[in-house]
>>> print(open('input-v7.txt').read())   # compact mmCIF, C-alpha atoms and all ligand atoms
# COMPACT_ATOMS: atom_id res chain seq x y z
CA MET A 21 0.00 0.00 0.00
CA SER A 22 1.15 3.54 -0.67
CA LEU A 23 2.98 5.65 1.89
CA LEU A 24 3.39 9.43 1.91
CA THR A 25 6.16 10.92 4.05
CA VAL A 26 6.35 14.62 4.86
CA GLY A 27 9.12 16.26 6.88
CA SER A 28 12.51 17.87 6.78
CA VAL A 29 15.15 17.11 4.18
CA ALA A 30 18.23 18.78 5.51
CA PHE A 31 21.91 19.42 5.80
CA ASP A 32 23.25 18.33 9.18
CA ALA A 33 26.60 18.97 10.85
CA LEU A 34 27.26 16.45 13.59
CA GLU A 35 29.73 15.87 16.37
CA THR A 36 29.87 12.59 18.28
CA PRO A 37 32.64 11.19 20.52
CA PHE A 38 33.84 9.35 17.37
CA GLY A 39 34.21 12.29 15.05
CA LYS A 40 32.82 15.32 13.39
CA THR A 41 31.17 15.93 10.04
CA ASP A 42 30.72 19.03 7.96
CA LYS A 43 27.42 19.40 6.14
CA ILE A 44 26.04 15.98 5.32
CA ILE A 45 22.57 14.98 4.16
CA GLY A 46 20.04 14.52 6.93
CA GLY A 47 16.48 15.45 7.73
CA ALA A 48 13.68 13.45 9.28
CA ALA A 49 11.95 12.67 5.97
CA THR A 50 15.21 11.49 4.40
CA TYR A 51 15.72 8.84 7.08
CA ILE A 52 12.03 7.85 7.13
CA THR A 53 11.64 7.44 3.41
CA LEU A 54 14.94 5.57 2.94
CA SER A 55 14.02 3.17 5.74
CA ALA A 56 10.45 2.64 4.47
CA SER A 57 11.78 1.98 0.95
CA TYR A 58 12.92 -1.48 2.11
CA PHE A 59 9.28 -2.42 2.77
CA THR A 60 6.90 -0.50 0.55
CA ASN A 61 7.35 0.15 -3.14
CA GLU A 62 4.91 3.05 -3.27
CA ASN A 63 6.96 5.54 -1.35
CA ASN A 64 6.07 9.22 -1.87
CA LEU A 65 7.83 12.27 -0.46
CA VAL A 66 6.67 15.84 0.16
CA ALA A 67 9.44 18.18 1.35
CA VAL A 68 11.29 21.32 0.38
CA VAL A 69 14.99 22.00 -0.25
CA GLY A 70 17.01 24.89 -1.69
CA ASP A 71 18.98 24.87 -4.92
CA ASP A 72 22.10 23.99 -2.88
CA PHE A 73 20.76 20.44 -2.34
CA PRO A 74 22.80 17.89 -4.33
CA GLN A 75 21.17 16.12 -7.27
CA ASP A 76 23.21 13.00 -6.28
CA MET A 77 21.10 12.62 -3.16
CA ILE A 78 17.85 13.00 -5.08
CA ASP A 79 19.15 10.28 -7.40
CA ILE A 80 19.85 8.01 -4.40
CA LEU A 81 16.25 8.48 -3.23
CA LYS A 82 14.93 7.78 -6.73
CA GLY A 83 17.21 4.75 -6.92
CA ARG A 84 15.49 3.41 -3.81
CA GLY A 85 12.15 3.80 -5.61
CA VAL A 86 11.11 6.99 -3.79
CA ASP A 87 8.78 9.19 -5.86
CA THR A 88 10.25 12.69 -5.54
CA THR A 89 7.55 14.56 -7.53
CA GLY A 90 6.60 16.25 -4.24
CA LEU A 91 10.15 17.39 -3.42
CA GLU A 92 10.07 21.13 -4.08
CA ILE A 93 13.40 22.71 -5.03
CA ARG A 94 13.35 26.46 -4.36
CA GLN A 95 15.67 28.44 -6.58
CA GLY A 96 17.86 31.02 -4.82
CA GLU A 97 17.11 29.60 -1.36
CA LYS A 98 19.03 27.42 1.07
CA THR A 99 18.19 24.00 2.48
CA PHE A 100 17.23 23.62 6.18
CA PHE A 101 20.35 23.23 8.33
CA TRP A 102 20.65 21.58 11.72
CA SER A 103 23.75 20.99 13.80
CA GLY A 104 24.01 18.83 16.89
CA LYS A 105 26.61 17.60 19.35
CA TYR A 106 26.32 14.37 21.34
CA HIS A 107 27.47 13.90 24.89
CA ASN A 108 29.71 10.97 25.82
CA ASP A 109 26.84 8.57 26.49
CA MET A 110 25.30 9.42 23.08
CA ASN A 111 21.85 9.38 24.66
CA THR A 112 21.73 13.13 25.00
CA ARG A 113 22.62 15.81 22.52
CA ASP A 114 22.61 19.55 22.25
CA THR A 115 21.31 21.44 19.26
CA ILE A 116 24.12 23.79 18.28
CA ASP A 117 22.44 25.57 15.39
CA VAL A 118 19.15 25.56 13.45
CA GLN A 119 18.75 27.56 10.24
CA LEU A 120 15.21 27.14 8.96
CA ASN A 121 15.93 28.64 5.50
CA VAL A 122 13.39 27.07 3.05
CA MET A 123 11.46 25.54 5.97
CA GLU A 124 10.55 28.98 7.25
CA ASN A 125 7.65 29.26 4.81
CA PHE A 126 7.18 25.66 3.71
CA ASP A 127 3.72 25.32 2.24
CA PRO A 128 3.33 21.62 1.42
CA VAL A 129 1.88 20.91 -2.02
CA ILE A 130 0.52 17.39 -2.43
CA PRO A 131 0.88 16.17 -6.03
CA GLU A 132 -2.40 14.83 -7.41
CA SER A 133 -0.84 11.41 -7.88
CA TYR A 134 -0.29 11.17 -4.07
CA GLY A 135 -3.92 12.05 -3.27
CA ASN A 136 -5.07 8.53 -2.41
CA CYS A 137 -2.15 7.51 -0.20
CA GLU A 138 -3.20 4.95 2.41
CA PHE A 139 -0.46 5.58 4.98
CA LEU A 140 0.77 9.00 6.03
CA MET A 141 3.95 9.63 8.02
CA LEU A 142 4.21 13.17 9.35
CA GLY A 143 7.90 13.45 10.16
CA ASN A 144 9.37 16.08 12.41
CA THR A 145 8.42 19.54 11.20
CA ALA A 146 6.21 22.41 12.39
CA PRO A 147 2.86 21.08 13.71
CA ALA A 148 0.94 23.67 11.64
CA ILE A 149 2.51 22.22 8.48
CA GLN A 150 1.72 18.68 9.60
CA LYS A 151 -1.94 19.71 10.03
CA LYS A 152 -2.05 21.37 6.60
CA VAL A 153 -0.97 18.09 5.00
CA ILE A 154 -3.85 16.21 6.60
CA GLU A 155 -6.30 18.90 5.49
CA ARG A 156 -4.96 18.94 1.94
CA LEU A 157 -5.37 15.22 1.32
CA PRO A 158 -8.64 14.50 -0.51
CA ASN A 159 -9.20 11.27 1.49
CA ARG A 160 -8.19 10.42 5.04
CA PRO A 161 -5.42 7.80 4.96
CA LYS A 162 -5.99 4.45 6.68
CA LEU A 163 -3.25 5.32 9.18
CA ILE A 164 -1.68 8.66 10.13
CA MET A 165 1.48 8.61 12.24
CA LEU A 166 3.15 11.70 13.68
CA ASP A 167 6.61 12.30 15.06
CA THR A 168 7.47 15.47 16.93
CA MET A 169 10.05 16.80 19.38
CA ASN A 170 10.52 19.04 22.43
CA PHE A 171 11.43 21.99 20.16
CA TRP A 172 7.80 22.17 18.92
CA MET A 173 6.38 21.59 22.41
CA ASN A 174 8.29 24.68 23.52
CA ILE A 175 7.35 27.00 20.67
CA ALA A 176 4.12 25.66 19.08
CA TRP A 177 2.17 23.91 21.84
CA ASP A 178 -1.32 24.93 20.64
CA ASP A 179 -0.63 23.90 17.04
CA LEU A 180 0.73 20.59 18.29
CA MET A 181 -2.44 19.92 20.32
CA GLU A 182 -4.52 20.64 17.18
CA VAL A 183 -2.68 18.12 15.00
CA ILE A 184 -2.26 15.45 17.70
CA LYS A 185 -6.07 15.14 17.82
CA LEU A 186 -6.10 14.05 14.18
CA VAL A 187 -3.54 11.24 14.18
CA ASP A 188 -3.63 7.50 14.92
CA VAL A 189 -0.05 6.91 16.08
CA LEU A 190 2.33 9.25 17.90
CA THR A 191 6.05 8.60 18.30
CA VAL A 192 8.11 10.56 20.79
CA ASN A 193 11.09 9.81 22.98
CA ASP A 194 10.74 9.27 26.73
CA GLU A 195 11.60 12.83 27.76
CA GLU A 196 9.20 14.23 25.16
CA ALA A 197 6.43 11.87 26.35
CA ARG A 198 6.96 13.23 29.87
CA GLN A 199 6.92 16.85 28.69
CA LEU A 200 3.80 16.29 26.59
CA SER A 201 1.84 14.53 29.31
CA GLY A 202 3.19 16.04 32.52
CA GLU A 203 3.53 12.47 33.85
CA TYR A 204 6.82 10.83 34.88
CA SER A 205 5.62 7.24 34.58
CA LEU A 206 5.68 6.27 30.91
CA VAL A 207 2.59 4.11 31.42
CA LYS A 208 0.67 7.12 32.73
CA ALA A 209 2.23 9.34 30.05
CA ALA A 210 1.02 7.01 27.28
CA ALA A 211 -2.49 6.91 28.78
CA ARG A 212 -2.58 10.71 28.96
CA ILE A 213 -1.34 11.05 25.36
CA THR A 214 -3.97 8.56 24.21
CA SER A 215 -6.62 10.84 25.71
CA MET A 216 -5.29 13.65 23.44
CA GLY A 217 -6.13 11.65 20.29
CA PRO A 218 -3.70 8.94 19.12
CA LYS A 219 -4.92 5.40 19.82
CA THR A 220 -1.38 4.12 19.55
CA VAL A 221 1.64 5.63 21.30
CA ILE A 222 5.24 4.60 20.69
CA ILE A 223 7.81 5.81 23.20
CA LYS A 224 11.42 5.57 21.99
CA LYS A 225 14.13 5.09 24.57
CA GLY A 226 17.23 5.23 22.37
CA GLU A 227 19.68 2.45 23.17
CA HIS A 228 17.13 1.11 25.68
CA GLY A 229 14.56 0.17 23.06
CA ALA A 230 10.97 1.21 22.46
CA LEU A 231 7.55 0.76 24.06
CA LEU A 232 4.32 0.29 22.10
CA PHE A 233 1.02 1.15 23.80
CA HIS A 234 -2.15 0.14 21.98
CA GLY A 235 -5.65 -0.76 23.15
CA GLY A 236 -4.61 -1.36 26.76
CA HIS A 237 -1.69 -3.62 25.70
CA ILE A 238 2.02 -2.88 26.07
CA PHE A 239 4.86 -4.34 24.00
CA PHE A 240 8.55 -3.71 24.59
CA ALA A 241 11.30 -4.12 22.01
CA PRO A 242 14.95 -3.86 23.04
CA ALA A 243 17.49 -2.02 20.92
CA LEU A 244 20.16 -4.34 19.56
CA PRO A 245 23.29 -4.11 21.73
CA LEU A 246 25.91 -3.03 19.18
CA GLU A 247 29.67 -2.98 19.62
CA GLU A 248 29.97 0.37 17.91
CA VAL A 249 27.52 3.22 17.62
CA PHE A 250 28.96 6.04 15.54
CA ASP A 251 26.07 8.42 15.19
CA PRO A 252 22.54 8.09 16.60
CA THR A 253 21.18 10.91 14.40
CA GLY A 254 18.08 9.81 12.56
CA ALA A 255 17.69 6.55 14.49
CA GLY A 256 14.21 7.58 15.65
CA ASP A 257 13.17 8.53 12.12
CA THR A 258 14.64 5.35 10.67
CA PHE A 259 12.72 3.39 13.29
CA ALA A 260 9.48 5.19 12.36
CA GLY A 261 10.11 4.58 8.63
CA GLY A 262 10.68 0.87 9.20
CA PHE A 263 7.56 0.61 11.37
CA ILE A 264 5.17 2.39 9.02
CA GLY A 265 6.82 0.92 5.91
CA TYR A 266 6.26 -2.56 7.32
CA LEU A 267 2.60 -1.78 8.18
CA ALA A 268 2.08 -0.33 4.68
CA SER A 269 3.60 -3.45 3.10
CA THR A 270 1.20 -5.71 4.98
CA GLY A 271 -1.86 -3.45 5.33
CA ASP A 272 -2.51 -5.11 8.71
CA LEU A 273 -3.11 -2.75 11.65
CA SER A 274 -3.57 -5.39 14.36
CA PHE A 275 -1.56 -5.21 17.60
CA SER A 276 0.37 -8.38 16.70
CA ASN A 277 1.41 -6.90 13.36
CA MET A 278 2.37 -3.62 15.03
CA LYS A 279 4.70 -5.66 17.27
CA ARG A 280 6.41 -7.03 14.16
CA GLY A 281 6.57 -3.47 12.82
CA ILE A 282 8.33 -2.34 15.99
CA ILE A 283 10.95 -5.05 15.52
CA TYR A 284 11.50 -4.18 11.83
CA GLY A 285 11.77 -0.51 12.82
CA SER A 286 14.29 -1.35 15.55
CA ALA A 287 16.33 -3.46 13.12
CA MET A 288 16.47 -0.57 10.62
CA ALA A 289 17.53 1.84 13.39
CA SER A 290 20.36 -0.52 14.36
CA PHE A 291 21.82 -0.09 10.85
CA CYS A 292 21.37 3.69 10.84
CA VAL A 293 23.65 4.26 13.86
CA GLU A 294 26.56 2.28 12.39
CA LYS A 295 27.71 5.15 10.16
CA PHE A 296 27.47 8.93 10.13
CA GLY A 297 24.29 10.31 8.59
CA ALA A 298 21.97 8.20 6.47
CA GLU A 299 24.68 6.44 4.47
CA ARG A 300 24.06 2.99 5.93
CA LEU A 301 20.50 3.12 4.55
CA PHE A 302 21.56 3.61 0.94
CA ASN A 303 22.04 -0.03 0.01
CA LEU A 304 21.06 -2.70 2.50
CA THR A 305 19.98 -6.16 1.35
CA THR A 306 16.90 -8.11 2.36
CA ASP A 307 19.20 -10.80 3.81
CA GLU A 308 20.95 -8.26 6.03
CA ILE A 309 17.61 -6.98 7.32
CA ASN A 310 16.27 -10.48 7.95
CA GLU A 311 19.46 -11.45 9.81
CA ARG A 312 19.07 -8.42 12.08
CA VAL A 313 15.43 -9.26 12.75
CA ALA A 314 16.48 -12.83 13.67
CA LYS A 315 18.94 -11.34 16.21
CA PHE A 316 16.07 -9.47 17.84
CA VAL A 317 14.11 -12.69 18.14
CA GLN A 318 17.12 -14.44 19.75
CA LEU A 319 17.81 -11.51 22.05
CA SER A 320 14.68 -11.88 24.10
CA ALA A 321 13.48 -15.44 23.41
CA PHE A 322 13.54 -17.79 26.42
CA GLU A 323 11.75 -20.83 27.75
CA ILE A 324 10.13 -21.28 31.10
CA GLN A 325 10.78 -24.75 32.53
P1 LIG A 401 16.45 12.24 15.17
O1 LIG A 401 17.87 11.93 15.49
O2 LIG A 401 15.64 11.01 14.82
O3 LIG A 401 15.79 13.10 16.19
O4 LIG A 401 16.44 13.09 13.81
C1 LIG A 401 17.46 13.96 13.47
C2 LIG A 401 17.08 14.69 12.18
O5 LIG A 401 16.03 15.62 12.45
C3 LIG A 401 18.25 15.47 11.64
O6 LIG A 401 18.65 14.92 10.39
C4 LIG A 401 17.76 16.90 11.50
O7 LIG A 401 18.01 17.45 10.23
C5 LIG A 401 16.27 16.82 11.74
N1 LIG A 401 15.79 17.93 12.59
C6 LIG A 401 16.38 18.42 13.71
N2 LIG A 401 15.65 19.45 14.21
C7 LIG A 401 14.58 19.60 13.40
C8 LIG A 401 13.45 20.49 13.37
N3 LIG A 401 13.29 21.44 14.30
N4 LIG A 401 12.55 20.34 12.37
C9 LIG A 401 12.70 19.39 11.45
N5 LIG A 401 13.73 18.52 11.41
C10 LIG A 401 14.67 18.63 12.37
>>> encode(input="input-v7.txt", output="structure tokens", more="lines below")
Ligand code: AMP
Amino acid sequence: MSLLTVGSVAFDALETPFGKTDKIIGGAATYITLSASYFTNENNLVAVVGDDFPQDMIDILKGRGVDTTGLEIRQGEKTFFWSGKYHNDMNTRDTIDVQLNVMENFDPVIPESYGNCEFLMLGNTAPAIQKKVIERLPNRPKLIMLDTMNFWMNIAWDDLMEVIKLVDVLTVNDEEARQLSGEYSLVKAAARITSMGPKTVIIKKGEHGALLFHGGHIFFAPALPLEEVFDPTGAGDTFAGGFIGYLASTGDLSFSNMKRGIIYGSAMASFCVEKFGAERLFNLTTDEINERVAKFVQLSAFEIQ
């Protein structure tokens, strides 16, 4: 089934304990759409970049089967830029710089050919833009998933509350879930967020895995313990792309299928962190993905005597 992803396509500059990069390609929608491309073959993108964005990267997306008709290239303007620095534990990071550039007045245009998309992934961007996308689609998708971050909670709370009401699945990290709900317990936080609209809440806990709350059930997926984590940037987006891509490929929205989606998403995220930026997602094989998924099964399988 078809998936539409909307969000940032960006230049990032990153610093982790393992090194530093100048401007490399990043952006929430980049990670989401690359990750989802391993599951769904109808993968549509709506985003905006400036004329400084490299054609090579657009070709990589197209090579992964992503339809880039909805990628607007604004002449004479610059691509969104974000720079972040990780602390030693890599679980926390500081935003060093944000230059909105083309994102400042992003007005998402949905190509007619995307109008009937069945799955919608609203990647991290301004909540008012996320809402516009929902309003501009001629038909409501079967599933709408939204990712957001503390930045928007701090500066666009009312807009966020407006769009949250309209979505089926929300993904946030643990600190963001606490900020959004005012609850410390993640169980209480998920219940509170559910009362705001989304029937399904996914709380990401970085290297400590992810929790899925749906219909009174809870599922926990660990993150794969890796020997080397170079750069966690985009792991959450890659996770979301794997999850919704898997759901779109199966069309099954049951809790048991969502659990499989969480594992596929976690497997994709485990690749993302192995290299700087999104590079690791450019050419994975189905065998590599299946081997990772098998490791997840082994990691928490046990027998009770
Ligand atoms: P994650 O590590 O999953 O939180 O995602 C990191 C990506 O989000 C980076 O590639 C950034 O370009 C992008 N990003 C960071 N801040 C923002 C923002 N305020 N709006 C949209 N995208 C952002």
>>> residues_around(input="input-v7.txt", residues="Lys151 (chain A)", least_positions_apart="5", cutoff="10 Å", atoms="all atoms listed in the file", output="MDAnalysis selection string")
chainID A and resid 142 146 156 179:180 182:187
>>> residues_near_ligand(input="input-v7.txt", ligand="ligand LIG 401 (chain A)", cutoff="8 Å", atoms="all atoms listed in the file", output="ChimeraX atom specification")
/A:27-32,45-48,50-51,100-103,115,118,143-146,169,171-172,252-258,297
>>> write_last_selection(input="input-v7.txt", atoms="C-alpha atoms", output="tab-separated table (two decimals), in the coordinates of the input")
chain	number	residue	atom	x	y	z
A	27	GLY	CA	9.12	16.26	6.88
A	28	SER	CA	12.51	17.87	6.78
A	29	VAL	CA	15.15	17.11	4.18
A	30	ALA	CA	18.23	18.78	5.51
A	31	PHE	CA	21.91	19.42	5.80
A	32	ASP	CA	23.25	18.33	9.18
A	45	ILE	CA	22.57	14.98	4.16
A	46	GLY	CA	20.04	14.52	6.93
A	47	GLY	CA	16.48	15.45	7.73
A	48	ALA	CA	13.68	13.45	9.28
A	50	THR	CA	15.21	11.49	4.40
A	51	TYR	CA	15.72	8.84	7.08
A	100	PHE	CA	17.23	23.62	6.18
A	101	PHE	CA	20.35	23.23	8.33
A	102	TRP	CA	20.65	21.58	11.72
A	103	SER	CA	23.75	20.99	13.80
A	115	THR	CA	21.31	21.44	19.26
A	118	VAL	CA	19.15	25.56	13.45
A	143	GLY	CA	7.90	13.45	10.16
A	144	ASN	CA	9.37	16.08	12.41
A	145	THR	CA	8.42	19.54	11.20
A	146	ALA	CA	6.21	22.41	12.39
A	169	MET	CA	10.05	16.80	19.38
A	171	PHE	CA	11.43	21.99	20.16
A	172	TRP	CA	7.80	22.17	18.92
A	252	PRO	CA	22.54	8.09	16.60
A	253	THR	CA	21.18	10.91	14.40
A	254	GLY	CA	18.08	9.81	12.56
A	255	ALA	CA	17.69	6.55	14.49
A	256	GLY	CA	14.21	7.58	15.65
A	257	ASP	CA	13.17	8.53	12.12
A	258	THR	CA	14.64	5.35	10.67
A	297	GLY	CA	24.29	10.31	8.59
>>> closest_residue(input="input-v7.txt", among="A:Asp127, A:Glu308, A:Asp72, A:Asp109", to="Gly90 (chain A)", atoms="all atoms listed in the file")
A:Asp127
>>> closest_residue(input="input-v7.txt", among="A:Lys105, A:Lys40, A:Lys295, A:Lys82", to="Phe250 (chain A)", atoms="only C-alpha atoms")
A:Lys295
>>> atom_distance(input="input-v7.txt", atom1="CA of Ile154 (chain A)", atom2="CA of Leu140 (chain A)")
8.6 Å
>>> closest_residue(input="input-v7.txt", among="A:Asn193, A:Thr270, A:Asn136, A:Thr53", to="Ala298 (chain A)", atoms="all atoms listed in the file")
A:Thr53
>>> closest_residue(input="input-v7.txt", among="A:Tyr134, A:Tyr106, A:Phe275, A:Phe291", to="Leu244 (chain A)", atoms="all atoms listed in the file")
A:Phe291
>>> residues_around(input="input-v7.txt", residues="region 222-239 of chain A", least_positions_apart="3", cutoff="7 Å", atoms="only C-alpha atoms", output="list of chain:residue names")
A:Asn111, A:Leu190, A:Thr191, A:Val192, A:Asn193, A:Asp194, A:Ala197, A:Ala210, A:Lys219, A:Pro242, A:Ala243, A:Phe275, A:Lys279
>>> atom_distance(input="input-v7.txt", atom1="CA of Thr41 (chain A)", atom2="CA of Ile116 (chain A)")
13.4 Å
>>> closest_residue(input="input-v7.txt", among="A:Ser290, A:Thr168, A:Gln95, A:Asn159", to="Asp251 (chain A)", atoms="all atoms listed in the file")
A:Ser290
>>> decode(input="input-v7.txt", residues="region 219-233 of chain A", atoms="N, CA and C atoms", output="PDB file, in the first residue's frame")
ATOM      1  N   LYS A 219      -4.567   6.676  19.172  1.00  0.00           N
ATOM      2  CA  LYS A 219      -4.925   5.402  19.821  1.00  0.00           C
ATOM      3  C   LYS A 219      -3.683   4.565  20.110  1.00  0.00           C
ATOM      4  N   THR A 220      -2.623   4.865  19.378  1.00  0.00           N
ATOM      5  CA  THR A 220      -1.376   4.116  19.552  1.00  0.00           C
ATOM      6  C   THR A 220      -0.254   5.091  19.876  1.00  0.00           C
ATOM      7  N   VAL A 221       0.522   4.757  20.907  1.00  0.00           N
ATOM      8  CA  VAL A 221       1.639   5.625  21.300  1.00  0.00           C
ATOM      9  C   VAL A 221       2.916   4.783  21.331  1.00  0.00           C
ATOM     10  N   ILE A 222       3.944   5.289  20.670  1.00  0.00           N
ATOM     11  CA  ILE A 222       5.239   4.604  20.693  1.00  0.00           C
ATOM     12  C   ILE A 222       6.225   5.523  21.401  1.00  0.00           C
ATOM     13  N   ILE A 223       6.825   5.009  22.463  1.00  0.00           N
ATOM     14  CA  ILE A 223       7.813   5.811  23.198  1.00  0.00           C
ATOM     15  C   ILE A 223       9.199   5.209  22.958  1.00  0.00           C
ATOM     16  N   LYS A 224      10.062   6.025  22.314  1.00  0.00           N
ATOM     17  CA  LYS A 224      11.418   5.568  21.985  1.00  0.00           C
ATOM     18  C   LYS A 224      12.339   5.880  23.158  1.00  0.00           C
ATOM     19  N   LYS A 225      13.212   4.898  23.461  1.00  0.00           N
ATOM     20  CA  LYS A 225      14.132   5.092  24.575  1.00  0.00           C
ATOM     21  C   LYS A 225      15.576   4.900  24.116  1.00  0.00           C
ATOM     22  N   GLY A 226      15.856   5.299  22.883  1.00  0.00           N
ATOM     23  CA  GLY A 226      17.225   5.231  22.368  1.00  0.00           C
ATOM     24  C   GLY A 226      17.817   3.840  22.485  1.00  0.00           C
ATOM     25  N   GLU A 227      19.010   3.764  23.084  1.00  0.00           N
ATOM     26  CA  GLU A 227      19.681   2.454  23.173  1.00  0.00           C
ATOM     27  C   GLU A 227      18.951   1.501  24.116  1.00  0.00           C
ATOM     28  N   HIS A 228      17.899   1.998  24.793  1.00  0.00           N
ATOM     29  CA  HIS A 228      17.133   1.115  25.681  1.00  0.00           C
ATOM     30  C   HIS A 228      15.840   0.641  25.050  1.00  0.00           C
ATOM     31  N   GLY A 229      15.696   0.782  23.736  1.00  0.00           N
ATOM     32  CA  GLY A 229      14.559   0.173  23.058  1.00  0.00           C
ATOM     33  C   GLY A 229      13.350   1.064  22.897  1.00  0.00           C
ATOM     34  N   ALA A 230      12.196   0.442  22.726  1.00  0.00           N
ATOM     35  CA  ALA A 230      10.967   1.210  22.462  1.00  0.00           C
ATOM     36  C   ALA A 230       9.760   0.490  23.059  1.00  0.00           C
ATOM     37  N   LEU A 231       8.793   1.292  23.483  1.00  0.00           N
ATOM     38  CA  LEU A 231       7.551   0.759  24.060  1.00  0.00           C
ATOM     39  C   LEU A 231       6.391   1.085  23.138  1.00  0.00           C
ATOM     40  N   LEU A 232       5.522   0.101  22.920  1.00  0.00           N
ATOM     41  CA  LEU A 232       4.323   0.293  22.104  1.00  0.00           C
ATOM     42  C   LEU A 232       3.101   0.165  23.008  1.00  0.00           C
ATOM     43  N   PHE A 233       2.262   1.175  23.016  1.00  0.00           N
ATOM     44  CA  PHE A 233       1.017   1.153  23.800  1.00  0.00           C
ATOM     45  C   PHE A 233      -0.144   1.188  22.829  1.00  0.00           C
TER      46      PHE A 233
END
